[in-house]
Amino acid sequence: MSQNRREFVRNATTAAAIAIAGRALAPADLLAARPPVPPARAEPPAMDPVVRELLLEALDTATRGGAEFADARLSRYRNSSVTTREQQIVNVAEGDTMGVGVRVLVQGTWGFGATRDLTKAGVAAAAREAVAIARANRLPDADRVRLAPAPVVSDGRWSTAYTIDPFDVPIEQKADLLLRANAAALRAPNVRFVSSSMLFVKEEKSYANSDGTFTQQTAMRSWMPFTATAVSTDRTDFQSRGEVIAPMGRGYEYLLERKPEENARLWGEQASEKLKAKSVAVGRYDLVLHPSHLFLTIHESVAHPTELDRALGYEANYAGTSFVAPPGAVLGTLKFGSPLMHVVGDRDQPGSLAAIGWDDEGVKPDRFDIVRDGVLVDYQTTREQAPMLDWWYGRQGKPVRSHGCSYAQRASDVQFQRMPNVSLMPGTKDLGWDDLIGATDRGIAILSRGSYSIDQQRYNAQFGGQLFYEIKGGKVVGMLKDVAYQMRTPEFWASLDLLGGPTSWEMGGTFNDGKGQPGQSNAVSHGCPPSRFRNVNVVNTGRTG
């Protein structure tokens with residue numbers, strides 16, 4: 001009933017990127033480069049009666065064993081990757097796992113068990129193991145877990161919107177597209193090396209809990225990492241262009257829509273152009289950040305520190321803590337950024353990586369404010385975490401409810417709080433990339449993500465990018481290189497003074513974001529408009545002394 005072939009593990013993040021030569025783009029160009037709207041979502045059929053029986057057996061066994069709450073997930077997790085370099089296929093990997101995970105609350109304490117034995121006897125054994133673990137975990141003086149209420153969903157069905165299932169596309173066809181894109185990039189001047197991959201994930205989950213909720217859903221994700229490297233004729237310099245296609249919650253059709261073969265030569269030319277770029281002079285500049293770059297800054301400096309478990313110190317051993325803590329001292333008072341800053345969490349954006357119908361606790365996620373008018377107003381939560389903020393929600397006149405941020409990567413993983421889509425909302429004026437550049441006297445425009453470093457509290461950081469353009473008098477005057485900016489999170493976001501409008505808003509994303517012990521990976525998108533930040537410190541990463 002289950003397989004476990006070679007599983008790929010890639011600890012990479014990515015961003016969206018658009019095809020841009022050394023010029024400022026007009027709003028129309030930006031719109032043309034944005035990913036198309038996903039197709040209409042097809043509703044999956046009703047839950048298979050055999051699957052329903054297995055889940056009920058797990059729940060019945062758990063409740064008979066003394067659990068006051070139980071849930072069970074039957075999950076199939078599939079992944080696939082093809083990796084090439086120049087005109088060679090260097091790796092092909094496929095993974096397929098299936099199993100049932102059972103989580104229980106016994107006397108207010110969690111227990112968890114999992115199995116790949118998809119029989120009634122197998123899932124019953126996993127449920128009994130979960131109950132035994134919960135009893136063993138119980139400490140006499142420990143606080144009991146309280147769960148926020150959640151509506152019962154008797155027959156929930158949801159699927160990512162896609163038209164071509166990448167797992168139905170032959171490996172040969174995927175590899176051929178990659179090799180053709182590589183060949184196109186190699187025709188650009190000075191390009192000597194090209195690497196490209198396709199990565200796909202398909203998650204199929206059937207969920208039930210003792211409250212009476214039954215849901216099933218299919219989530220699909222697709223990504224094509226691509227990097228072209230140009231080498232100078234005297235071999236003293238090399239420059240790369242990567243991060244050109246954002247990962248999305250779409251099918252294989254999404255990669256075809258991005259036209260990698262047609263665009264690859266331009267990506268190679270951008271790498272070659274960077275060889276002639278001027279090395280940046282250190283100092284303070286106004287930064288005009290494209291969504292293909294800014295998404296990662298949002299991920300690291302806004303989304304991670306507003307995870308409630310991190311803020312409470314529960315992730316300190318692996319992922320660090322947060323400067324956005326403790327909740328009682330910062331909610332409603334911490335000035336996270338300028339009054340223009342409005343950040344929301346959601347799991348419903350079409351095409352986004354974190355989009356679902358219900359989370360792994362059977363909760364339909366809502367759209368919620370995290371930062372409003374520059375002030376922190378909420379955290380990312382699960383059913384267990386929401387009651388920890390009941391004092392705050394009561395003060396705001398809001399119900400105590402989970403924001404739907406529970407997720408487990410595989411059946412053998414226990415679900416816990418994971419990041420939803422976290423996005424910066426656009427401004428009210430219909431401004432675009434070209435408008436922000438035109439309004440900037442001395443600055444740097446940055447596109448796509450590059451290297452970065454951030455401390456464990458998500459307070460001090462440094463970010464690079466892929467393409468950098470010098471701005472003087474409202475115009476792009478040339479390309480720069482060796483650019484990175486330094487920031488303290490609240491100071492950086494306080495310097496936000498200009499936002500693009502709704503038509504300039506785009507999503508970037510992170511395909512693999514690690515958390516937990518044992519580690520799990522999830523995928524999230526971050527939307528934002530092009531944005532300007534004033535007087536930011538820029539360093540030269542090419543300096544040797």
# chains A, B, ... in the order shown; residues from 1 in each chain; ligands from 1

$ select_by_dssp --residues "stretch 184-231 of chain A" --states "strand (DSSP E or B)" --output "MDAnalysis selection string"
chainID A and resid 191:209 214:223 226:231

$ write_last_selection --atoms "N, CA and C atoms" --output "short mmCIF file (atom, residue, chain, number, x, y, z; two decimals), in the first residue's frame"
data_model
loop_
_atom_site.label_atom_id
_atom_site.label_comp_id
_atom_site.auth_asym_id
_atom_site.auth_seq_id
_atom_site.Cartn_x
_atom_site.Cartn_y
_atom_site.Cartn_z
N VAL A 191 28.14 33.12 -21.49
CA VAL A 191 27.53 32.11 -20.63
C VAL A 191 28.22 30.78 -20.85
N ARG A 192 28.74 30.22 -19.79
CA ARG A 192 29.50 28.96 -19.87
C ARG A 192 28.82 27.83 -19.11
N PHE A 193 28.02 28.15 -18.14
CA PHE A 193 27.40 27.12 -17.31
C PHE A 193 25.92 27.42 -17.13
N VAL A 194 25.11 26.38 -17.20
CA VAL A 194 23.67 26.52 -16.96
C VAL A 194 23.19 25.29 -16.19
N SER A 195 22.45 25.52 -15.14
CA SER A 195 21.83 24.41 -14.41
C SER A 195 20.34 24.69 -14.30
N SER A 196 19.54 23.64 -14.36
CA SER A 196 18.09 23.81 -14.26
C SER A 196 17.47 22.56 -13.69
N SER A 197 16.32 22.72 -13.08
CA SER A 197 15.61 21.60 -12.46
C SER A 197 14.12 21.83 -12.59
N MET A 198 13.38 20.75 -12.42
CA MET A 198 11.95 20.82 -12.19
C MET A 198 11.65 20.06 -10.92
N LEU A 199 10.85 20.66 -10.06
CA LEU A 199 10.47 20.04 -8.79
C LEU A 199 8.95 20.09 -8.67
N PHE A 200 8.38 18.96 -8.26
CA PHE A 200 6.93 18.88 -8.11
C PHE A 200 6.58 18.15 -6.82
N VAL A 201 5.52 18.60 -6.18
CA VAL A 201 4.99 17.95 -4.98
C VAL A 201 3.48 17.81 -5.15
N LYS A 202 2.96 16.64 -4.77
CA LYS A 202 1.51 16.42 -4.77
C LYS A 202 1.15 15.78 -3.44
N GLU A 203 0.27 16.46 -2.68
CA GLU A 203 -0.18 15.96 -1.38
C GLU A 203 -1.67 15.64 -1.47
N GLU A 204 -2.03 14.43 -1.11
CA GLU A 204 -3.43 14.02 -1.06
C GLU A 204 -3.74 13.61 0.38
N LYS A 205 -4.69 14.29 1.00
CA LYS A 205 -4.97 14.07 2.41
C LYS A 205 -6.46 13.84 2.65
N SER A 206 -6.77 12.80 3.41
CA SER A 206 -8.12 12.57 3.93
C SER A 206 -8.02 12.73 5.44
N TYR A 207 -8.89 13.56 6.01
CA TYR A 207 -8.78 13.92 7.43
C TYR A 207 -10.12 13.70 8.12
N ALA A 208 -10.07 13.26 9.37
CA ALA A 208 -11.27 13.14 10.19
C ALA A 208 -10.91 13.42 11.64
N ASN A 209 -11.85 13.98 12.39
CA ASN A 209 -11.61 14.14 13.83
C ASN A 209 -12.86 13.75 14.62
N PHE A 214 -14.92 15.72 8.42
CA PHE A 214 -14.31 14.85 7.40
C PHE A 214 -13.97 15.72 6.19
N THR A 215 -12.69 15.77 5.84
CA THR A 215 -12.27 16.56 4.68
C THR A 215 -11.29 15.75 3.85
N GLN A 216 -11.25 16.08 2.57
CA GLN A 216 -10.20 15.52 1.72
C GLN A 216 -9.79 16.58 0.71
N GLN A 217 -8.51 16.60 0.41
CA GLN A 217 -8.01 17.63 -0.49
C GLN A 217 -6.72 17.19 -1.16
N THR A 218 -6.43 17.85 -2.28
CA THR A 218 -5.22 17.60 -3.05
C THR A 218 -4.52 18.93 -3.28
N ALA A 219 -3.26 19.00 -2.90
CA ALA A 219 -2.46 20.21 -3.09
C ALA A 219 -1.31 19.89 -4.04
N MET A 220 -1.13 20.74 -5.03
CA MET A 220 -0.08 20.56 -6.04
C MET A 220 0.86 21.77 -6.02
N ARG A 221 2.17 21.51 -6.17
CA ARG A 221 3.14 22.60 -6.23
C ARG A 221 4.16 22.31 -7.33
N SER A 222 4.58 23.36 -8.03
CA SER A 222 5.52 23.23 -9.14
C SER A 222 6.55 24.34 -9.08
N TRP A 223 7.78 24.00 -9.50
CA TRP A 223 8.88 24.98 -9.47
C TRP A 223 9.93 24.59 -10.49
N PHE A 226 16.49 27.73 -12.06
CA PHE A 226 17.30 27.90 -13.26
C PHE A 226 18.40 28.90 -12.96
N THR A 227 19.63 28.60 -13.33
CA THR A 227 20.75 29.52 -13.12
C THR A 227 21.67 29.49 -14.33
N ALA A 228 21.92 30.65 -14.90
CA ALA A 228 22.91 30.81 -15.98
C ALA A 228 24.11 31.57 -15.43
N THR A 229 25.30 31.09 -15.72
CA THR A 229 26.53 31.72 -15.21
C THR A 229 27.40 32.17 -16.36
N ALA A 230 27.76 33.44 -16.35
CA ALA A 230 28.63 34.03 -17.38
C ALA A 230 30.03 34.21 -16.79
N VAL A 231 31.04 33.98 -17.61
CA VAL A 231 32.44 34.10 -17.20
C VAL A 231 33.13 35.13 -18.09
#

$ residues_around --residues "stretch 528-532 of chain A" --least-positions-apart "6" --cutoff "8 Å" --atoms "only C-alpha atoms" --output "PyMOL selection string"
chain A and resi 286-291+294-295+423-426+432-433+436+496-502+504-507

$ atom_distance --atom1 "atom CA of A:Asn137" --atom2 "atom CA of A:Ala62"
15.9 Å

$ closest_residue --among "A:Arg135, A:Arg235, A:His403, A:Arg157" --to "A:Asp369" --atoms "only C-alpha atoms"
A:His403

$ residues_around --residues "A:Trp493" --least-positions-apart "4" --cutoff "9 Å" --atoms "only C-alpha atoms" --output "PyMOL selection string"
chain A and resi 336-338+341+374+488-489+533

$ write_last_selection --atoms "N, CA and C atoms" --output "PDB file, in the first residue's frame"
ATOM      1  N   PHE A 336       5.874  47.978  14.202  1.00  0.00           N
ATOM      2  CA  PHE A 336       6.644  47.093  13.337  1.00  0.00           C
ATOM      3  C   PHE A 336       7.195  47.856  12.137  1.00  0.00           C
ATOM      4  N   GLY A 337       6.471  48.862  11.669  1.00  0.00           N
ATOM      5  CA  GLY A 337       6.898  49.600  10.489  1.00  0.00           C
ATOM      6  C   GLY A 337       6.133  50.892  10.337  1.00  0.00           C
ATOM      7  N   SER A 338       6.198  51.454   9.143  1.00  0.00           N
ATOM      8  CA  SER A 338       5.525  52.717   8.877  1.00  0.00           C
ATOM      9  C   SER A 338       4.011  52.506   8.808  1.00  0.00           C
ATOM     10  N   MET A 341       2.342  50.138   6.288  1.00  0.00           N
ATOM     11  CA  MET A 341       2.560  48.691   6.350  1.00  0.00           C
ATOM     12  C   MET A 341       1.305  47.973   6.821  1.00  0.00           C
ATOM     13  N   GLY A 374       1.097  49.615  10.469  1.00  0.00           N
ATOM     14  CA  GLY A 374       2.440  49.574  11.030  1.00  0.00           C
ATOM     15  C   GLY A 374       2.548  48.986  12.419  1.00  0.00           C
ATOM     16  N   ARG A 488      17.895  46.539  10.479  1.00  0.00           N
ATOM     17  CA  ARG A 488      17.244  46.100  11.700  1.00  0.00           C
ATOM     18  C   ARG A 488      15.758  46.134  11.390  1.00  0.00           C
ATOM     19  N   THR A 489      15.077  45.050  11.656  1.00  0.00           N
ATOM     20  CA  THR A 489      13.732  44.870  11.120  1.00  0.00           C
ATOM     21  C   THR A 489      12.796  46.059  11.353  1.00  0.00           C
ATOM     22  N   PHE A 533      12.021  52.009   0.166  1.00  0.00           N
ATOM     23  CA  PHE A 533      12.508  52.157   1.536  1.00  0.00           C
ATOM     24  C   PHE A 533      13.608  53.219   1.533  1.00  0.00           C
TER      25      PHE A 533
END

$ closest_residue --among "A:Asp455, A:Asp441, A:Asp71, A:Asp360" --to "A:Gln409" --atoms "only C-alpha atoms"
A:Asp360

$ residues_around --residues "stretch 302-307 of chain A" --least-positions-apart "5" --cutoff "8 Å" --atoms "only C-alpha atoms" --output "MDAnalysis selection string"
chainID A and resid 297 321:324 370 378:381 417:419 422 457:458

$ write_last_selection --atoms "C-alpha atoms" --output "PDB file, in the first residue's frame"
ATOM      1  CA  THR A 297      12.553  39.968   3.103  1.00  0.00           C
ATOM      2  CA  THR A 321      13.112  32.917  18.905  1.00  0.00           C
ATOM      3  CA  SER A 322      11.588  36.275  17.955  1.00  0.00           C
ATOM      4  CA  PHE A 323      11.994  39.927  18.771  1.00  0.00           C
ATOM      5  CA  VAL A 324       8.178  40.114  18.498  1.00  0.00           C
ATOM      6  CA  ILE A 370      -0.813  40.556  11.324  1.00  0.00           C
ATOM      7  CA  ASP A 378      -1.877  39.258  15.684  1.00  0.00           C
ATOM      8  CA  TYR A 379       0.167  36.065  15.306  1.00  0.00           C
ATOM      9  CA  GLN A 380      -0.149  32.905  13.218  1.00  0.00           C
ATOM     10  CA  THR A 381      -2.085  30.315  15.259  1.00  0.00           C
ATOM     11  CA  GLN A 417       2.003  25.517  13.535  1.00  0.00           C
ATOM     12  CA  ARG A 418       3.372  26.334  10.087  1.00  0.00           C
ATOM     13  CA  MET A 419       3.476  29.603   8.227  1.00  0.00           C
ATOM     14  CA  VAL A 422       2.054  36.272   4.614  1.00  0.00           C
ATOM     15  CA  GLN A 457      15.487  36.741  16.649  1.00  0.00           C
ATOM     16  CA  ARG A 458      14.808  37.959  13.074  1.00  0.00           C
TER      17      ARG A 458
END

$ select_by_dssp --residues "stretch 35-165 of chain A" --states "alpha helix (DSSP H)" --output "JSON, numbers by chain"
{"A": [49, 50, 51, 52, 53, 54, 55, 56, 57, 58, 59, 60, 61, 62, 63, 64, 120, 121, 122, 123, 124, 125, 126, 127, 128, 129, 130, 131, 132, 133, 134, 135, 136, 137]}

$ closest_residue --among "A:Leu177, A:Ala184, A:Ala93, A:Ala124" --to "A:Leu266" --atoms "only C-alpha atoms"
A:Ala184

$ residues_around --residues "A:Gly283" --least-positions-apart "6" --cutoff "8 Å" --atoms "only C-alpha atoms" --output "ChimeraX atom specification"
/A:537-539

$ residues_around --residues "A:Phe368" --least-positions-apart "3" --cutoff "7 Å" --atoms "only C-alpha atoms" --output "VMD selection string"
chain A and resid 344 to 346

$ closest_atom_pairs --of "stretch 397-433 of chain A" --to "stretch 516-522 of chain A" --cutoff "12 Å" --atoms "only C-alpha atoms" --output "tab-separated table"
residue	atom	partner	partner_atom	distance
A:Cys405	CA	A:Asn522	CA	11.2
A:Ser406	CA	A:Asn522	CA	10.8
A:Tyr407	CA	A:Asn522	CA	8.0
A:Ala408	CA	A:Gln520	CA	7.4
A:Gln409	CA	A:Gln520	CA	6.0
A:Arg410	CA	A:Gln520	CA	8.4
A:Ala411	CA	A:Gln520	CA	11.4
A:Ser412	CA	A:Gln520	CA	10.5
A:Asp413	CA	A:Gln520	CA	7.6
A:Val414	CA	A:Gln520	CA	9.5
A:Gln415	CA	A:Gln520	CA	9.6
A:Phe416	CA	A:Gly516	CA	8.6
A:Gln417	CA	A:Gly516	CA	9.5
A:Arg418	CA	A:Asn522	CA	7.4
A:Met419	CA	A:Asn522	CA	8.1
A:Pro420	CA	A:Asn522	CA	9.5
A:Asn421	CA	A:Asn522	CA	11.1

$ closest_residue --among "A:Lys278, A:Lys174, A:Lys398, A:Lys481" --to "A:Val82" --atoms "only C-alpha atoms"
A:Lys174

$ residues_around --residues "A:Ala148" --least-positions-apart "3" --cutoff "9 Å" --atoms "only C-alpha atoms" --output "JSON, numbers by chain"
{"A": [382, 383, 384, 385, 386, 387, 400, 401, 402]}

$ write_last_selection --atoms "all heavy atoms" --output "PDB file, in the first residue's frame"
ATOM      1  N   THR A 382      -2.783  28.048  15.662  1.00  0.00           N
ATOM      2  CA  THR A 382      -3.501  26.792  15.490  1.00  0.00           C
ATOM      3  C   THR A 382      -4.626  26.731  16.532  1.00  0.00           C
ATOM      4  O   THR A 382      -4.798  27.660  17.334  1.00  0.00           O
ATOM      5  CB  THR A 382      -2.561  25.597  15.707  1.00  0.00           C
ATOM      6  OG1 THR A 382      -2.094  25.634  17.071  1.00  0.00           O
ATOM      7  CG2 THR A 382      -1.361  25.658  14.764  1.00  0.00           C
ATOM      8  N   ARG A 383      -5.358  25.609  16.559  1.00  0.00           N
ATOM      9  CA  ARG A 383      -6.423  25.456  17.569  1.00  0.00           C
ATOM     10  C   ARG A 383      -5.855  25.458  18.982  1.00  0.00           C
ATOM     11  O   ARG A 383      -6.499  25.957  19.916  1.00  0.00           O
ATOM     12  CB  ARG A 383      -7.205  24.160  17.329  1.00  0.00           C
ATOM     13  CG  ARG A 383      -8.096  24.166  16.108  1.00  0.00           C
ATOM     14  CD  ARG A 383      -8.963  22.917  16.039  1.00  0.00           C
ATOM     15  NE  ARG A 383      -9.994  22.916  17.078  1.00  0.00           N
ATOM     16  CZ  ARG A 383     -10.885  21.935  17.234  1.00  0.00           C
ATOM     17  NH1 ARG A 383     -10.854  20.868  16.439  1.00  0.00           N
ATOM     18  NH2 ARG A 383     -11.801  22.011  18.194  1.00  0.00           N
ATOM     19  N   GLU A 384      -4.677  24.898  19.163  1.00  0.00           N
ATOM     20  CA  GLU A 384      -4.059  24.887  20.488  1.00  0.00           C
ATOM     21  C   GLU A 384      -3.567  26.270  20.881  1.00  0.00           C
ATOM     22  O   GLU A 384      -3.639  26.666  22.055  1.00  0.00           O
ATOM     23  CB  GLU A 384      -2.895  23.895  20.513  1.00  0.00           C
ATOM     24  CG  GLU A 384      -2.146  23.864  21.842  1.00  0.00           C
ATOM     25  CD  GLU A 384      -0.952  22.926  21.825  1.00  0.00           C
ATOM     26  OE1 GLU A 384      -0.684  22.308  20.778  1.00  0.00           O
ATOM     27  OE2 GLU A 384      -0.286  22.806  22.875  1.00  0.00           O
ATOM     28  N   GLN A 385      -3.051  27.027  19.912  1.00  0.00           N
ATOM     29  CA  GLN A 385      -2.429  28.304  20.232  1.00  0.00           C
ATOM     30  C   GLN A 385      -3.421  29.440  20.434  1.00  0.00           C
ATOM     31  O   GLN A 385      -3.177  30.354  21.228  1.00  0.00           O
ATOM     32  CB  GLN A 385      -1.455  28.684  19.111  1.00  0.00           C
ATOM     33  CG  GLN A 385      -0.254  27.773  18.997  1.00  0.00           C
ATOM     34  CD  GLN A 385       0.573  28.077  17.762  1.00  0.00           C
ATOM     35  OE1 GLN A 385       0.048  28.523  16.756  1.00  0.00           O
ATOM     36  NE2 GLN A 385       1.864  27.825  17.845  1.00  0.00           N
ATOM     37  N   ALA A 386      -4.534  29.428  19.707  1.00  0.00           N
ATOM     38  CA  ALA A 386      -5.470  30.556  19.780  1.00  0.00           C
ATOM     39  C   ALA A 386      -5.931  30.862  21.203  1.00  0.00           C
ATOM     40  O   ALA A 386      -6.008  32.044  21.587  1.00  0.00           O
ATOM     41  CB  ALA A 386      -6.664  30.293  18.860  1.00  0.00           C
ATOM     42  N   PRO A 387      -6.252  29.843  22.038  1.00  0.00           N
ATOM     43  CA  PRO A 387      -6.652  30.166  23.418  1.00  0.00           C
ATOM     44  C   PRO A 387      -5.558  30.859  24.234  1.00  0.00           C
ATOM     45  O   PRO A 387      -5.862  31.500  25.245  1.00  0.00           O
ATOM     46  CB  PRO A 387      -7.003  28.797  24.011  1.00  0.00           C
ATOM     47  CG  PRO A 387      -7.400  27.965  22.827  1.00  0.00           C
ATOM     48  CD  PRO A 387      -6.482  28.408  21.739  1.00  0.00           C
ATOM     49  N   VAL A 400     -12.372  33.607  19.794  1.00  0.00           N
ATOM     50  CA  VAL A 400     -11.120  32.846  19.883  1.00  0.00           C
ATOM     51  C   VAL A 400     -11.204  31.729  18.854  1.00  0.00           C
ATOM     52  O   VAL A 400     -11.972  30.784  19.005  1.00  0.00           O
ATOM     53  CB  VAL A 400     -10.917  32.271  21.298  1.00  0.00           C
ATOM     54  CG1 VAL A 400      -9.650  31.425  21.351  1.00  0.00           C
ATOM     55  CG2 VAL A 400     -10.849  33.396  22.321  1.00  0.00           C
ATOM     56  N   ARG A 401     -10.430  31.855  17.780  1.00  0.00           N
ATOM     57  CA  ARG A 401     -10.457  30.847  16.732  1.00  0.00           C
ATOM     58  C   ARG A 401      -9.064  30.710  16.120  1.00  0.00           C
ATOM     59  O   ARG A 401      -8.268  31.663  16.098  1.00  0.00           O
ATOM     60  CB  ARG A 401     -11.453  31.180  15.637  1.00  0.00           C
ATOM     61  CG  ARG A 401     -11.178  32.452  14.843  1.00  0.00           C
ATOM     62  CD  ARG A 401     -11.694  32.309  13.404  1.00  0.00           C
ATOM     63  NE  ARG A 401     -10.926  31.325  12.652  1.00  0.00           N
ATOM     64  CZ  ARG A 401     -11.275  30.854  11.452  1.00  0.00           C
ATOM     65  NH1 ARG A 401     -12.396  31.263  10.896  1.00  0.00           N
ATOM     66  NH2 ARG A 401     -10.515  29.976  10.818  1.00  0.00           N
ATOM     67  N   SER A 402      -8.756  29.515  15.674  1.00  0.00           N
ATOM     68  CA  SER A 402      -7.506  29.270  14.969  1.00  0.00           C
ATOM     69  C   SER A 402      -7.526  29.965  13.619  1.00  0.00           C
ATOM     70  O   SER A 402      -8.567  30.059  12.963  1.00  0.00           O
ATOM     71  CB  SER A 402      -7.320  27.765  14.759  1.00  0.00           C
ATOM     72  OG  SER A 402      -6.304  27.500  13.807  1.00  0.00           O
TER      73      SER A 402
END

$ atom_distance --atom1 "atom CA of A:Gly508" --atom2 "atom CA of A:Arg78"
22.9 Å

$ atom_distance --atom1 "atom CA of A:Gly101" --atom2 "atom CA of A:Pro365"
21.3 Å

$ closest_residue --among "A:Ile437, A:Ala126, A:Val90, A:Val282" --to "A:Arg73" --atoms "only C-alpha atoms"
A:Ala126

$ decode --residues "stretch 313-328 of chain A" --atoms "N, CA, C and O atoms" --output "short mmCIF file (atom, residue, chain, number, x, y, z; two decimals), in the first residue's frame"
data_model
loop_
_atom_site.label_atom_id
_atom_site.label_comp_id
_atom_site.auth_asym_id
_atom_site.auth_seq_id
_atom_site.Cartn_x
_atom_site.Cartn_y
_atom_site.Cartn_z
N GLY A 313 8.95 30.87 22.43
CA GLY A 313 10.19 30.17 22.75
C GLY A 313 10.18 28.69 22.46
O GLY A 313 11.17 28.00 22.74
N TYR A 314 9.11 28.16 21.86
CA TYR A 314 9.00 26.72 21.64
C TYR A 314 9.91 26.21 20.52
O TYR A 314 10.15 25.00 20.43
N GLU A 315 10.40 27.11 19.68
CA GLU A 315 11.26 26.72 18.55
C GLU A 315 12.71 27.13 18.75
O GLU A 315 13.50 27.07 17.82
N ALA A 316 13.06 27.53 19.97
CA ALA A 316 14.38 28.12 20.21
C ALA A 316 15.52 27.18 19.86
O ALA A 316 16.56 27.60 19.36
N ASN A 317 15.36 25.89 20.09
CA ASN A 317 16.46 24.96 19.91
C ASN A 317 16.82 24.77 18.45
O ASN A 317 17.97 24.47 18.12
N TYR A 318 15.85 24.93 17.55
CA TYR A 318 16.11 24.69 16.14
C TYR A 318 16.02 25.96 15.30
O TYR A 318 16.94 26.30 14.57
N ALA A 319 14.92 26.68 15.43
CA ALA A 319 14.65 27.80 14.53
C ALA A 319 14.92 29.16 15.16
O ALA A 319 14.89 30.17 14.47
N GLY A 320 15.17 29.23 16.46
CA GLY A 320 15.39 30.51 17.10
C GLY A 320 14.14 31.04 17.78
O GLY A 320 13.12 30.35 17.89
N THR A 321 14.23 32.26 18.24
CA THR A 321 13.11 32.92 18.90
C THR A 321 12.68 34.11 18.06
O THR A 321 12.84 34.11 16.85
N SER A 322 12.11 35.14 18.70
CA SER A 322 11.59 36.28 17.95
C SER A 322 11.70 37.54 18.78
O SER A 322 11.47 37.52 19.99
N PHE A 323 12.01 38.63 18.08
CA PHE A 323 11.99 39.93 18.77
C PHE A 323 10.55 40.39 19.00
O PHE A 323 10.31 41.31 19.78
N VAL A 324 9.59 39.74 18.35
CA VAL A 324 8.18 40.11 18.50
C VAL A 324 7.60 39.34 19.69
O VAL A 324 6.74 38.47 19.55
N ALA A 325 8.09 39.65 20.88
CA ALA A 325 7.72 38.91 22.08
C ALA A 325 8.07 39.74 23.31
O ALA A 325 8.92 40.65 23.24
N PRO A 326 7.40 39.38 24.46
CA PRO A 326 6.30 38.42 24.61
C PRO A 326 4.99 39.02 24.11
O PRO A 326 4.86 40.25 24.05
N PRO A 327 4.03 38.18 23.75
CA PRO A 327 2.78 38.70 23.18
C PRO A 327 2.11 39.77 24.04
O PRO A 327 1.60 40.76 23.51
N GLY A 328 2.10 39.59 25.37
CA GLY A 328 1.44 40.54 26.24
C GLY A 328 2.04 41.92 26.21
O GLY A 328 1.37 42.91 26.55
#
